[in-house]
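Pasting start_28.txt here (compact mmCIF, C-alpha atoms):
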# COMPACT_ATOMS: atom_id res chain seq x y z
CA MET A 37 -42.98 -49.70 -38.91
CA ARG A 38 -42.72 -48.29 -35.40
CA ASN A 39 -39.34 -49.88 -34.87
CA VAL A 40 -38.02 -48.00 -37.86
CA TRP A 41 -39.27 -44.75 -36.35
CA VAL A 42 -37.70 -45.48 -32.97
CA ALA A 43 -34.45 -46.44 -34.61
CA SER A 44 -34.41 -43.27 -36.72
CA VAL A 45 -35.08 -41.06 -33.73
CA LEU A 46 -32.29 -42.74 -31.78
CA VAL A 47 -29.86 -42.40 -34.66
CA LEU A 48 -30.77 -38.75 -35.09
CA ALA A 49 -30.35 -38.07 -31.39
CA GLY A 50 -27.01 -39.85 -31.39
CA PHE A 51 -25.86 -37.95 -34.42
CA THR A 52 -26.97 -34.63 -32.95
CA SER A 53 -25.01 -35.11 -29.77
CA ALA A 54 -21.95 -36.52 -31.54
CA CYS A 55 -21.78 -33.62 -33.93
CA GLY A 56 -21.70 -31.20 -31.04
CA TYR A 57 -24.91 -29.40 -31.92
CA ASN A 58 -25.68 -28.63 -28.30
CA GLU A 59 -22.17 -28.80 -26.99
CA VAL A 60 -21.05 -25.82 -29.03
CA ILE A 61 -23.87 -23.75 -27.57
CA GLU A 62 -22.89 -24.79 -24.06
CA ARG A 63 -19.25 -23.82 -24.68
CA ASP A 64 -20.44 -20.55 -26.18
CA GLU A 65 -22.44 -19.78 -23.06
CA ASP A 66 -19.39 -20.58 -20.95
CA VAL A 67 -17.43 -18.00 -22.95
CA LYS A 68 -20.12 -15.37 -22.43
CA ALA A 69 -20.25 -16.07 -18.70
CA ALA A 70 -16.46 -15.89 -18.42
CA TRP A 71 -16.49 -12.63 -20.35
CA ALA A 72 -19.12 -11.15 -18.03
CA GLU A 73 -16.79 -11.83 -15.13
CA VAL A 74 -13.83 -10.20 -16.90
CA ASP A 75 -15.91 -7.13 -17.73
CA ASN A 76 -17.21 -7.03 -14.15
CA GLN A 77 -13.73 -7.04 -12.63
CA TYR A 78 -12.39 -4.40 -15.03
CA LYS A 79 -15.36 -2.18 -14.15
CA ARG A 80 -14.71 -2.73 -10.48
CA ARG A 81 -11.14 -1.55 -10.94
CA SER A 82 -12.29 1.47 -12.90
CA ASP A 83 -14.67 2.35 -10.07
CA LEU A 84 -11.83 2.35 -7.56
CA VAL A 85 -9.87 4.99 -9.44
CA PRO A 86 -11.70 8.23 -8.48
CA ASN A 87 -11.35 7.43 -4.77
CA LEU A 88 -7.70 6.55 -5.25
CA VAL A 89 -6.98 9.74 -7.13
CA SER A 90 -8.61 11.96 -4.53
CA THR A 91 -6.79 10.21 -1.67
CA VAL A 92 -3.47 10.60 -3.43
CA LYS A 93 -4.16 14.25 -4.30
CA GLY A 94 -4.51 14.83 -0.57
CA ALA A 95 -0.86 13.85 -0.05
CA ALA A 96 1.42 16.82 -0.01
CA ASN A 97 3.12 17.62 -3.32
CA PHE A 98 2.26 14.39 -5.05
CA GLU A 99 3.86 14.32 -8.45
CA THR A 100 1.13 15.30 -10.93
CA THR A 101 2.12 13.54 -14.17
CA THR A 102 1.60 10.08 -12.73
CA LEU A 103 -1.83 11.04 -11.45
CA GLU A 104 -2.82 12.62 -14.75
CA LYS A 105 -1.86 9.49 -16.65
CA VAL A 106 -4.11 7.45 -14.40
CA VAL A 107 -7.03 9.83 -14.89
CA GLN A 108 -6.54 9.83 -18.68
CA ALA A 109 -6.22 6.07 -18.91
CA ARG A 110 -9.35 5.62 -16.85
CA ALA A 111 -11.26 8.08 -19.01
CA SER A 112 -10.40 6.16 -22.17
CA VAL A 113 -11.46 2.90 -20.53
CA ALA A 114 -14.73 4.40 -19.32
CA GLY A 115 -15.34 5.87 -22.77
CA MET A 116 -15.23 2.49 -24.51
CA LYS A 117 -18.53 0.92 -25.40
CA VAL A 118 -18.34 -2.69 -24.35
CA ASP A 119 -21.08 -4.96 -25.57
CA SER A 120 -21.06 -8.56 -26.69
CA SER A 121 -19.70 -7.57 -30.11
CA VAL A 122 -16.30 -7.25 -28.44
CA LEU A 123 -16.32 -11.01 -28.13
CA ASP A 124 -16.84 -11.62 -31.82
CA ASN A 125 -14.49 -9.04 -33.24
CA PRO A 126 -10.71 -9.53 -32.80
CA GLU A 127 -10.03 -5.82 -33.41
CA SER A 128 -12.47 -4.68 -30.73
CA LEU A 129 -11.05 -7.18 -28.28
CA LYS A 130 -7.50 -5.98 -28.97
CA LYS A 131 -8.53 -2.37 -28.48
CA PHE A 132 -10.28 -3.23 -25.24
CA GLU A 133 -7.26 -5.10 -23.99
CA ALA A 134 -4.92 -2.27 -24.95
CA ALA A 135 -6.98 0.37 -23.14
CA GLN A 136 -7.20 -1.76 -20.02
CA GLY A 137 -3.49 -2.47 -20.25
CA GLN A 138 -2.76 1.24 -20.31
CA LEU A 139 -4.76 1.71 -17.12
CA SER A 140 -2.88 -1.22 -15.55
CA GLY A 141 0.43 0.40 -16.39
CA ALA A 142 -0.62 3.82 -15.11
CA LEU A 143 -1.91 2.34 -11.86
CA SER A 144 1.17 0.26 -11.15
CA ARG A 145 3.36 3.30 -11.80
CA LEU A 146 1.20 5.26 -9.36
CA LEU A 147 1.67 2.62 -6.67
CA VAL A 148 5.42 2.49 -7.22
CA VAL A 149 5.71 6.29 -7.00
CA SER A 150 3.57 6.36 -3.87
CA GLU A 151 6.23 4.29 -2.13
CA GLN A 152 8.23 7.51 -1.85
CA TYR A 153 5.56 9.42 0.03
CA PRO A 154 5.68 8.30 3.68
CA ASP A 155 2.62 10.27 4.73
CA LEU A 156 0.66 8.47 2.02
CA LYS A 157 1.94 5.08 3.10
CA ALA A 158 0.92 5.89 6.66
CA ASN A 159 -2.59 6.86 5.55
CA ALA A 160 -5.02 4.08 6.46
CA SER A 161 -7.46 4.95 3.66
CA PHE A 162 -4.70 4.79 1.10
CA ARG A 163 -3.52 1.45 2.43
CA ASP A 164 -7.05 0.07 2.22
CA LEU A 165 -7.41 1.37 -1.34
CA GLN A 166 -4.08 -0.17 -2.24
CA ALA A 167 -5.29 -3.50 -0.83
CA GLN A 168 -8.50 -3.23 -2.85
CA LEU A 169 -6.58 -2.36 -5.99
CA GLU A 170 -4.21 -5.29 -5.60
CA GLY A 171 -7.17 -7.55 -4.89
CA THR A 172 -8.92 -6.35 -8.02
CA GLU A 173 -5.81 -6.84 -10.16
CA ASN A 174 -5.64 -10.42 -8.93
CA ARG A 175 -9.32 -10.95 -9.65
CA ILE A 176 -8.79 -9.57 -13.14
CA ALA A 177 -5.92 -12.01 -13.66
CA VAL A 178 -8.09 -14.93 -12.54
CA ALA A 179 -11.06 -13.82 -14.68
CA ARG A 180 -8.82 -13.39 -17.72
CA ARG A 181 -7.31 -16.83 -17.29
CA ARG A 182 -10.76 -18.41 -17.03
CA PHE A 183 -11.94 -16.48 -20.09
CA ILE A 184 -8.93 -17.66 -22.10
CA GLU A 185 -9.64 -21.24 -21.02
CA ALA A 186 -13.34 -20.93 -21.91
CA VAL A 187 -12.50 -19.55 -25.36
CA ALA A 188 -9.95 -22.32 -25.89
CA ALA A 189 -12.54 -24.98 -25.04
CA TYR A 190 -15.08 -23.29 -27.32
CA ASN A 191 -12.63 -22.97 -30.20
CA LYS A 192 -11.69 -26.61 -29.84
CA THR A 193 -15.36 -27.60 -30.10
CA VAL A 194 -15.77 -25.43 -33.18
CA GLN A 195 -12.70 -26.73 -34.98
CA VAL A 196 -12.39 -30.40 -34.05
CA PHE A 197 -14.31 -33.04 -35.95
CA PRO A 198 -17.08 -34.13 -35.31
CA SER A 199 -18.30 -31.25 -33.17
CA SER A 200 -17.29 -28.89 -35.96
CA ILE A 201 -20.32 -30.12 -37.87
CA GLY A 202 -22.73 -28.94 -35.19
CA ALA A 203 -20.78 -25.72 -34.87
CA SER A 204 -21.15 -24.84 -38.51
CA MET A 205 -24.82 -25.84 -38.39
CA ARG A 206 -25.24 -23.27 -35.61
CA GLY A 207 -23.15 -20.73 -37.43
CA LYS A 208 -20.52 -20.63 -34.73
CA THR A 209 -16.98 -19.71 -35.65
CA VAL A 210 -13.65 -19.35 -33.91
CA ARG A 211 -13.57 -16.61 -31.26
CA PRO A 212 -10.70 -14.23 -30.54
CA THR A 213 -8.99 -14.39 -27.18
CA PHE A 214 -6.76 -12.24 -25.00
CA GLU A 215 -3.26 -11.87 -26.30
CA GLY A 216 -0.98 -10.25 -23.77
CA THR A 217 -0.46 -10.68 -20.05
CA PRO A 218 -1.89 -7.77 -18.07
CA GLY A 219 0.55 -5.37 -16.50
CA GLN A 220 3.47 -6.39 -18.64
CA GLU A 221 2.75 -4.08 -21.55
CA ASN A 222 4.12 -0.98 -19.82
CA PRO A 223 6.59 -1.86 -17.08
CA PRO A 224 6.68 1.07 -14.67
CA GLU A 225 9.70 3.32 -15.02
CA VAL A 226 10.23 5.57 -12.07
CA LYS A 227 12.64 8.49 -12.27
CA LEU A 228 14.04 8.90 -8.78
CA MET B 154 -0.38 -21.42 -17.37
CA ALA B 155 0.54 -24.49 -15.32
CA GLN B 156 3.90 -25.95 -16.29
CA ALA B 157 4.68 -29.63 -16.10
CA TRP B 158 7.00 -29.06 -13.13
CA ALA B 159 4.69 -26.77 -11.13
CA LEU B 160 4.61 -27.25 -7.38
CA ALA B 161 2.16 -29.99 -6.41
CA VAL B 162 -1.06 -29.20 -4.56
CA PRO B 163 -1.18 -31.34 -1.41
CA PRO B 164 -4.32 -33.39 -0.79
CA LEU B 165 -6.91 -31.84 1.48
CA ARG B 166 -7.16 -34.09 4.52
CA THR B 167 -7.69 -31.76 7.44
CA GLN B 168 -8.25 -28.10 8.22
CA VAL B 169 -4.61 -27.36 9.03
CA THR B 170 -1.97 -28.73 6.66
CA ASP B 171 1.49 -27.93 7.96
CA LEU B 172 4.10 -29.24 5.53
CA ALA B 173 6.85 -27.07 6.98
CA GLY B 174 6.46 -28.27 10.55
CA ILE B 175 6.13 -24.86 12.17
CA LEU B 176 3.26 -25.89 14.44
CA GLU B 177 3.42 -28.04 17.55
CA PRO B 178 1.01 -31.00 17.24
CA SER B 179 -1.06 -29.74 20.18
CA ASP B 180 -1.44 -26.30 18.60
CA LYS B 181 -2.31 -27.80 15.25
CA MET B 182 -5.03 -29.92 16.83
CA ALA B 183 -6.42 -26.95 18.76
CA LEU B 184 -6.58 -24.89 15.58
CA GLU B 185 -8.31 -27.74 13.79
CA ARG B 186 -10.88 -28.02 16.61
CA MET B 187 -11.51 -24.30 16.33
CA LEU B 188 -12.00 -24.40 12.56
CA ARG B 189 -14.15 -27.50 12.78
CA SER B 190 -16.39 -25.78 15.32
CA HIS B 191 -16.59 -22.72 13.07
CA ASN B 192 -17.64 -24.98 10.22
CA GLN B 193 -20.34 -26.61 12.34
CA VAL B 194 -21.74 -23.25 13.41
CA THR B 195 -21.54 -21.29 10.17
CA GLY B 196 -21.03 -23.90 7.47
CA GLN B 197 -17.99 -21.96 6.26
CA GLN B 198 -14.79 -23.85 5.51
CA PHE B 199 -11.60 -22.17 6.63
CA ALA B 200 -8.31 -23.98 6.07
CA VAL B 201 -4.63 -23.34 6.66
CA LEU B 202 -1.79 -24.48 4.41
CA VAL B 203 1.88 -24.03 5.26
CA VAL B 204 4.51 -25.08 2.71
CA PRO B 205 8.28 -25.02 3.15
CA THR B 206 8.80 -23.26 -0.20
CA LEU B 207 6.94 -22.09 -3.31
CA GLU B 208 9.87 -23.18 -5.50
CA ASP B 209 9.71 -20.06 -7.70
CA GLU B 210 6.00 -20.35 -8.48
CA PRO B 211 4.20 -17.01 -8.10
CA LEU B 212 2.25 -16.87 -4.84
CA GLU B 213 -1.18 -16.07 -6.28
CA ASP B 214 -0.87 -18.70 -9.03
CA TYR B 215 -0.18 -21.41 -6.49
CA THR B 216 -2.89 -20.44 -3.99
CA MET B 217 -5.44 -20.23 -6.80
CA ARG B 218 -4.50 -23.76 -7.89
CA VAL B 219 -4.84 -24.94 -4.29
CA VAL B 220 -8.32 -23.49 -3.77
CA GLU B 221 -9.52 -24.63 -7.18
CA ASN B 222 -8.41 -28.11 -6.21
CA TRP B 223 -9.60 -28.04 -2.60
CA LYS B 224 -12.89 -26.25 -3.35
CA LEU B 225 -13.32 -24.95 0.20
CA GLY B 226 -16.81 -23.78 1.05
CA LYS B 227 -20.24 -25.02 -0.03
CA ALA B 228 -21.14 -25.12 -3.68
CA GLY B 229 -23.42 -22.21 -4.36
CA LYS B 230 -22.45 -20.35 -1.19
CA ASP B 231 -18.70 -20.29 -2.01
CA ASP B 232 -17.92 -19.58 1.65
CA GLY B 233 -14.37 -20.86 1.88
CA LEU B 234 -11.14 -19.22 3.01
CA LEU B 235 -7.51 -20.29 2.80
CA LEU B 236 -4.72 -18.93 4.98
CA PHE B 237 -1.50 -19.76 3.14
CA ILE B 238 2.10 -19.45 4.31
CA ALA B 239 5.29 -20.11 2.36
CA LEU B 240 8.08 -20.38 4.89
CA ALA B 241 11.25 -19.94 2.84
CA GLU B 242 9.91 -16.97 0.86
CA ARG B 243 8.26 -15.50 4.00
CA LYS B 244 5.04 -14.96 2.08
CA ILE B 245 1.48 -14.96 3.32
CA ARG B 246 -1.78 -14.94 1.40
CA ILE B 247 -5.39 -15.00 2.49
CA GLU B 248 -7.52 -16.37 -0.35
CA VAL B 249 -11.20 -15.49 0.07
CA GLY B 250 -14.06 -17.35 -1.63
CA TYR B 251 -16.68 -15.51 -3.67
CA GLY B 252 -19.22 -15.84 -0.89
CA LEU B 253 -17.02 -14.30 1.79
CA GLU B 254 -15.86 -11.28 -0.21
CA GLY B 255 -18.59 -9.22 1.45
CA PRO B 256 -17.68 -9.76 5.12
CA ILE B 257 -13.98 -10.17 4.38
CA PRO B 258 -13.08 -7.58 1.75
CA ASP B 259 -9.52 -7.24 0.54
CA ALA B 260 -8.81 -4.43 3.01
CA VAL B 261 -9.74 -6.65 5.98
CA ALA B 262 -7.54 -9.46 4.68
CA ALA B 263 -4.69 -7.01 4.14
CA ARG B 264 -5.06 -5.61 7.63
CA THR B 265 -5.10 -9.09 9.14
CA ILE B 266 -1.80 -9.85 7.46
CA ARG B 267 -0.21 -6.51 8.27
CA ASP B 268 -1.42 -6.05 11.86
CA ILE B 269 -1.57 -9.64 13.15
CA LEU B 270 0.40 -12.14 11.08
CA GLN B 271 3.38 -10.00 10.12
CA PRO B 272 4.39 -8.89 13.64
CA ALA B 273 3.74 -12.36 15.11
CA PHE B 274 5.78 -14.14 12.45
CA ARG B 275 8.66 -11.71 12.82
CA GLN B 276 8.92 -13.04 16.36
CA ASN B 277 8.55 -16.65 15.20
CA ASP B 278 5.16 -16.83 16.90
CA TYR B 279 3.56 -18.85 14.12
CA ALA B 280 0.87 -20.65 16.08
CA GLY B 281 -0.22 -17.57 18.00
CA GLY B 282 -0.26 -15.40 14.91
CA ILE B 283 -2.28 -17.93 12.94
CA ALA B 284 -4.72 -18.44 15.81
CA ARG B 285 -5.34 -14.72 16.32
CA ALA B 286 -5.63 -14.11 12.57
CA LEU B 287 -8.17 -16.91 12.19
CA GLN B 288 -10.16 -15.60 15.15
CA THR B 289 -10.29 -12.15 13.56
CA LEU B 290 -11.38 -13.57 10.22
CA MET B 291 -13.98 -15.81 11.84
CA LYS B 292 -15.40 -12.85 13.70
CA ALA B 293 -15.54 -10.80 10.51
CA ALA B 294 -17.36 -13.66 8.85
CA GLY B 295 -20.05 -13.52 11.50
CA ASN B 296 -19.01 -15.99 14.17
CA ASP B 297 -18.14 -14.46 17.50
CA GLY B 298 -19.23 -17.42 19.59
CA ALA B 299 -17.59 -20.21 21.46
CA ALA B 300 -15.69 -21.45 18.43
CA ILE B 301 -13.41 -18.46 18.68
CA ALA B 302 -12.61 -19.20 22.30
CA ILE B 303 -11.28 -22.65 21.45
CA GLY B 304 -8.32 -20.97 19.86
CA ASN B 305 -7.51 -18.79 22.84
CA GLU B 306 -5.06 -21.17 24.45
CA VAL B 307 -3.01 -21.12 21.26
CA ALA B 308 -3.54 -17.44 20.58
CA HIS B 309 -2.21 -16.30 23.92
CA GLN B 310 0.06 -18.93 25.39
CA ARG B 311 2.46 -19.16 22.49
CA VAL B 312 4.18 -15.89 23.09
CA LYS B 313 5.22 -16.95 26.56
CA ARG B 314 6.62 -20.26 25.35
CA VAL B 315 8.65 -18.67 22.59
CA ARG B 316 10.28 -16.31 25.04
CA GLU B 317 11.17 -19.20 27.37
CA ARG B 318 12.84 -21.14 24.59
CA SER B 319 14.97 -18.27 23.38
CA ALA B 320 16.45 -17.92 26.88
CA PHE B 321 17.79 -21.46 26.75
CA PRO B 322 21.57 -21.62 27.09
CA LEU B 323 22.19 -23.16 23.68
CA GLY B 324 25.92 -22.62 23.85
CA ILE B 325 26.36 -24.72 26.97
CA PHE B 326 24.24 -27.47 25.47
CA LEU B 327 26.43 -27.62 22.37
CA LEU B 328 29.59 -27.66 24.47
CA VAL B 329 28.30 -30.65 26.43
CA LEU B 330 27.46 -32.42 23.18
CA LEU B 331 30.96 -31.76 21.87
CA ILE B 332 32.58 -33.20 24.97
CA LEU B 333 30.37 -36.27 24.79
CA PHE B 334 31.31 -36.71 21.14
CA ILE B 335 34.98 -36.74 21.95
CA PHE B 336 34.77 -39.17 24.84
CA LYS B 337 31.83 -41.40 23.92
CA PRO B 338 31.51 -41.40 20.10
CA ARG B 339 29.53 -44.61 19.84
CA PHE B 340 26.97 -43.48 22.40
CA MET B 341 26.51 -40.15 20.65
CA SER B 342 26.02 -41.64 17.22
CA GLY B 343 23.42 -44.03 18.63
CA LEU B 344 21.64 -41.13 20.31
CA LEU B 345 21.66 -39.02 17.17
CA LEU B 346 20.37 -41.87 15.06
CA GLY B 347 17.55 -42.44 17.53
CA MET B 348 16.61 -38.74 17.45
CA LEU B 349 16.57 -38.62 13.67
CA MET B 350 14.44 -41.73 13.34
CA GLY B 351 11.88 -40.73 15.92
CA GLY B 352 11.71 -37.12 14.90
CA GLY B 353 8.94 -37.38 12.30
CA ARG B 354 5.77 -35.61 13.34
CA SER B 355 2.58 -37.61 13.05
CA ARG B 356 0.41 -35.76 10.62
CA GLY B 357 -2.37 -38.14 9.80
CA GLY B 358 -3.77 -38.38 13.26
CA GLY B 359 -5.83 -35.22 13.26
CA PHE B 360 -9.08 -36.80 12.30
CA GLY B 361 -9.50 -40.34 13.38
CA GLY B 362 -12.87 -41.81 12.67
CA GLY B 363 -14.74 -38.56 12.55
CA GLY B 364 -15.27 -38.70 8.83
CA GLY B 365 -13.01 -37.21 6.22
CA PHE B 366 -12.67 -33.53 5.59
CA GLY B 367 -13.28 -32.42 2.07
CA GLY B 368 -14.09 -29.29 0.15
CA GLY B 369 -17.75 -28.56 -0.52
CA GLY B 370 -17.38 -27.31 -4.07
CA GLY B 371 -16.94 -23.65 -3.24
CA ARG B 372 -15.47 -21.30 -5.85
CA PHE B 373 -12.86 -18.57 -5.57
CA GLY B 374 -12.45 -15.50 -7.71
CA GLY B 375 -9.04 -14.24 -6.65
CA GLY B 376 -10.15 -11.98 -3.80
CA GLY B 377 -8.04 -11.61 -0.68
CA SER B 378 -4.64 -10.18 0.05
CA SER B 379 -0.98 -11.06 -0.12
CA GLY B 380 1.84 -10.03 2.16
CA GLY B 381 4.94 -11.24 3.89
CA TRP B 382 7.16 -10.77 6.86

Just dump the structure as structure tokens.
Amino acid sequence: MRNVWVASVLVLAGFTSACGYNEVIERDEDVKAAWAEVDNQYKRRSDLVPNLVSTVKGAANFETTTLEKVVQARASVAGMKVDSSVLDNPESLKKFEAAQGQLSGALSRLLVVSEQYPDLKANASFRDLQAQLEGTENRIAVARRRFIEAVAAYNKTVQVFPSSIGASMRGKTVRPTFEGTPGQENPPEVKL
Amino acid sequence: MAQAWALAVPPLRTQVTDLAGILEPSDKMALERMLRSHNQVTGQQFAVLVVPTLEDEPLEDYTMRVVENWKLGKAGKDDGLLLFIALAERKIRIEVGYGLEGPIPDAVAARTIRDILQPAFRQNDYAGGIARALQTLMKAAGNDGAAIAIGNEVAHQRVKRVRERSAFPLGIFLLVLLILFIFKPRFMSGLLLGMLMGGGRSRGGGFGGGGGFGGGGGRFGGGGSSGGW
């Protein structure tokens, strides 16, 4: 009788792991961790903006429209409520991405325009801020790529047989992912 | 995303990988000694990679692939750093591991490129520039001990040697070669053949039996700075 029990337990364990019951949870956690990093880096960029704006304002006669666009874009990013529901809802994710993309565009335009202000380029604080901004943009790119990869791995687990069985047992469905490439939505146009 | 034809990541065999041949073997070995000592003192893994060209791959994409492959720095501490140079494109990048982003923020990396590497490279002082840059980064990362001093001979002597070489009367040398070609063609072709055959630099000798050099599993998040000269 005991052998039957042992055999049943083994079969059940084997079935559980083959159907991806735990694997889908692990992939899901990977997605959440990757998302936390993306959110972290976007926040970090947003935090750099006030300092950048005040440094640039200090430069003589800096053209105001570019600065205003940055301030506006940052305000709309800061005004978004980002919780884990963004991960589940394709519309929320798109909106998030669009708002961040607007800030990316405004910032890159600001940096391009600042090339024409020699006293700004000579300013050590501005140069350091520029380095930090470029560093953050790169970190955002890396975090996004890793998020997209994590979502792809998760979606594969959810859709491919046999792990799709465990996924539906856990109630896990396909997740949305990032669509565009950051910075390419609004290429900077500079009127000289 | 990585394409099928993307530039290959070279294997990590030693602290200084110079695929473009800009470093004299003695300088390369001195730099390796310095970085090895730094690793022994702090546990941090700094490495240098010089490639002849990026072949159209974006700089940050390639360096990220390199550090994800090499995994410089200890797992958990993520204290690795890569100094990367692409010779044909004249591009430089300092890729900083998660664990070093505190002592070496992006601004410090940017300043190292702008104030040390850029001016040195514009004068073709590759070894000196790299040595001084590494010393600055090592100091920022908390090591201002003897390890730094190992690099001094490279950091300071180079400039003198570069100036000596540029004074060499190249024109006269070429004229002599031309005359020899006309009068002794067989001798010259033998000489040239010998030079070409023996000209390969020995790259594998840096480490001998001291145990292989490998990444410790450290992770990178994209921090650092890019520049050029």

Seminar exercise, completed: Residue with the minimum atom-to-atom distance to A:Val194, picked from A:Val60, A:Ala109, A:Leu46, A:Ala114 with all atoms listed in the file counted, is A:Val60

For this session: Go ahead and compute the interatomic distance for atom CA of A:Lys79 and atom CA of A:Lys117, in Å to one decimal.
Result: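 A separation of 12.1 Å between them.
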
For this session: For A:Val67, work out the shell of residues within 8 Å, counting only C-alpha atoms and skipping chain neighbours fewer than 5 positions away, then give it as a ChimeraX atom specification.
Result: /A:183,186-187,190

Selected residues, C-alpha atoms, written as a PDB file, in the frame of the given file, please.
ATOM      1  CA  PHE A 183     -11.940 -16.480 -20.090  1.00  0.00           C
ATOM      2  CA  ALA A 186     -13.340 -20.930 -21.910  1.00  0.00           C
ATOM      3  CA  VAL A 187     -12.500 -19.550 -25.360  1.00  0.00           C
ATOM      4  CA  TYR A 190     -15.080 -23.290 -27.320  1.00  0.00           C
TER       5      TYR A 190
END

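In this structure, atom CA of B:Val201 sits 10.9 Å away from atom CA of B:Leu225.
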
Between chain B and chain A, at 7 Å or less, what are the per-residue closest atom pairs and their distances in Å? Count all atoms listed in the file, order by chain and rising residue number, and return it as CSV.
residue,atom,partner,partner_atom,distance
B:Asp259,CA,A:Gln168,CA,5.3
B:Ala260,CA,A:Asp164,CA,4.9
B:Ala263,CA,A:Ala167,CA,6.1
B:Gly374,CA,A:Arg175,CA,5.9
B:Gly375,CA,A:Arg175,CA,4.5
B:Gly376,CA,A:Gly171,CA,5.4
B:Gly377,CA,A:Gly171,CA,5.9
B:Ser378,CA,A:Gly171,CA,6.1

Dump all heavy atoms of stretch 173-178 of chain A from the given block, as an mmCIF file, in the first residue's frame.
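Contents of out_0.cif, freshly written:
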data_model
loop_
_atom_site.group_PDB
_atom_site.id
_atom_site.type_symbol
_atom_site.label_atom_id
_atom_site.label_comp_id
_atom_site.auth_asym_id
_atom_site.auth_seq_id
_atom_site.Cartn_x
_atom_site.Cartn_y
_atom_site.Cartn_z
ATOM 1 N N GLU A 173 20.027 57.725 -18.517
ATOM 2 C CA GLU A 173 19.371 57.268 -19.746
ATOM 3 C C GLU A 173 19.878 55.888 -20.126
ATOM 4 O O GLU A 173 19.107 55.023 -20.570
ATOM 5 C CB GLU A 173 19.624 58.241 -20.902
ATOM 6 C CG GLU A 173 18.925 59.577 -20.761
ATOM 7 C CD GLU A 173 17.407 59.501 -20.902
ATOM 8 O OE1 GLU A 173 16.882 58.452 -21.313
ATOM 9 O OE2 GLU A 173 16.737 60.499 -20.590
ATOM 10 N N ASN A 174 21.171 55.660 -19.954
ATOM 11 C CA ASN A 174 21.714 54.350 -20.277
ATOM 12 C C ASN A 174 21.173 53.301 -19.326
ATOM 13 O O ASN A 174 20.824 52.188 -19.734
ATOM 14 C CB ASN A 174 23.244 54.383 -20.227
ATOM 15 C CG ASN A 174 23.855 53.130 -20.812
ATOM 16 O OD1 ASN A 174 23.441 52.649 -21.846
ATOM 17 N ND2 ASN A 174 24.846 52.580 -20.144
ATOM 18 N N ARG A 175 21.083 53.656 -18.029
ATOM 19 C CA ARG A 175 20.548 52.696 -17.068
ATOM 20 C C ARG A 175 19.100 52.379 -17.385
ATOM 21 O O ARG A 175 18.642 51.238 -17.207
ATOM 22 C CB ARG A 175 20.627 53.273 -15.655
ATOM 23 C CG ARG A 175 22.009 53.313 -15.081
ATOM 24 C CD ARG A 175 21.921 53.595 -13.593
ATOM 25 N NE ARG A 175 23.218 53.797 -13.009
ATOM 26 C CZ ARG A 175 23.901 54.914 -13.118
ATOM 27 N NH1 ARG A 175 23.405 55.930 -13.763
ATOM 28 N NH2 ARG A 175 25.093 55.006 -12.550
ATOM 29 N N ILE A 176 18.364 53.392 -17.821
ATOM 30 C CA ILE A 176 16.961 53.151 -18.204
ATOM 31 C C ILE A 176 16.921 52.168 -19.371
ATOM 32 O O ILE A 176 16.121 51.224 -19.375
ATOM 33 C CB ILE A 176 16.264 54.479 -18.577
ATOM 34 C CG1 ILE A 176 16.051 55.323 -17.322
ATOM 35 C CG2 ILE A 176 14.945 54.229 -19.278
ATOM 36 C CD1 ILE A 176 15.547 56.724 -17.605
ATOM 37 N N ALA A 177 17.798 52.387 -20.352
ATOM 38 C CA ALA A 177 17.805 51.493 -21.516
ATOM 39 C C ALA A 177 18.094 50.061 -21.093
ATOM 40 O O ALA A 177 17.441 49.117 -21.555
ATOM 41 C CB ALA A 177 18.847 51.973 -22.530
ATOM 42 N N VAL A 178 19.059 49.881 -20.189
ATOM 43 C CA VAL A 178 19.405 48.534 -19.728
ATOM 44 C C VAL A 178 18.232 47.925 -18.958
ATOM 45 O O VAL A 178 17.870 46.756 -19.168
ATOM 46 C CB VAL A 178 20.666 48.579 -18.841
ATOM 47 C CG1 VAL A 178 20.897 47.239 -18.161
ATOM 48 C CG2 VAL A 178 21.880 48.948 -19.667
#
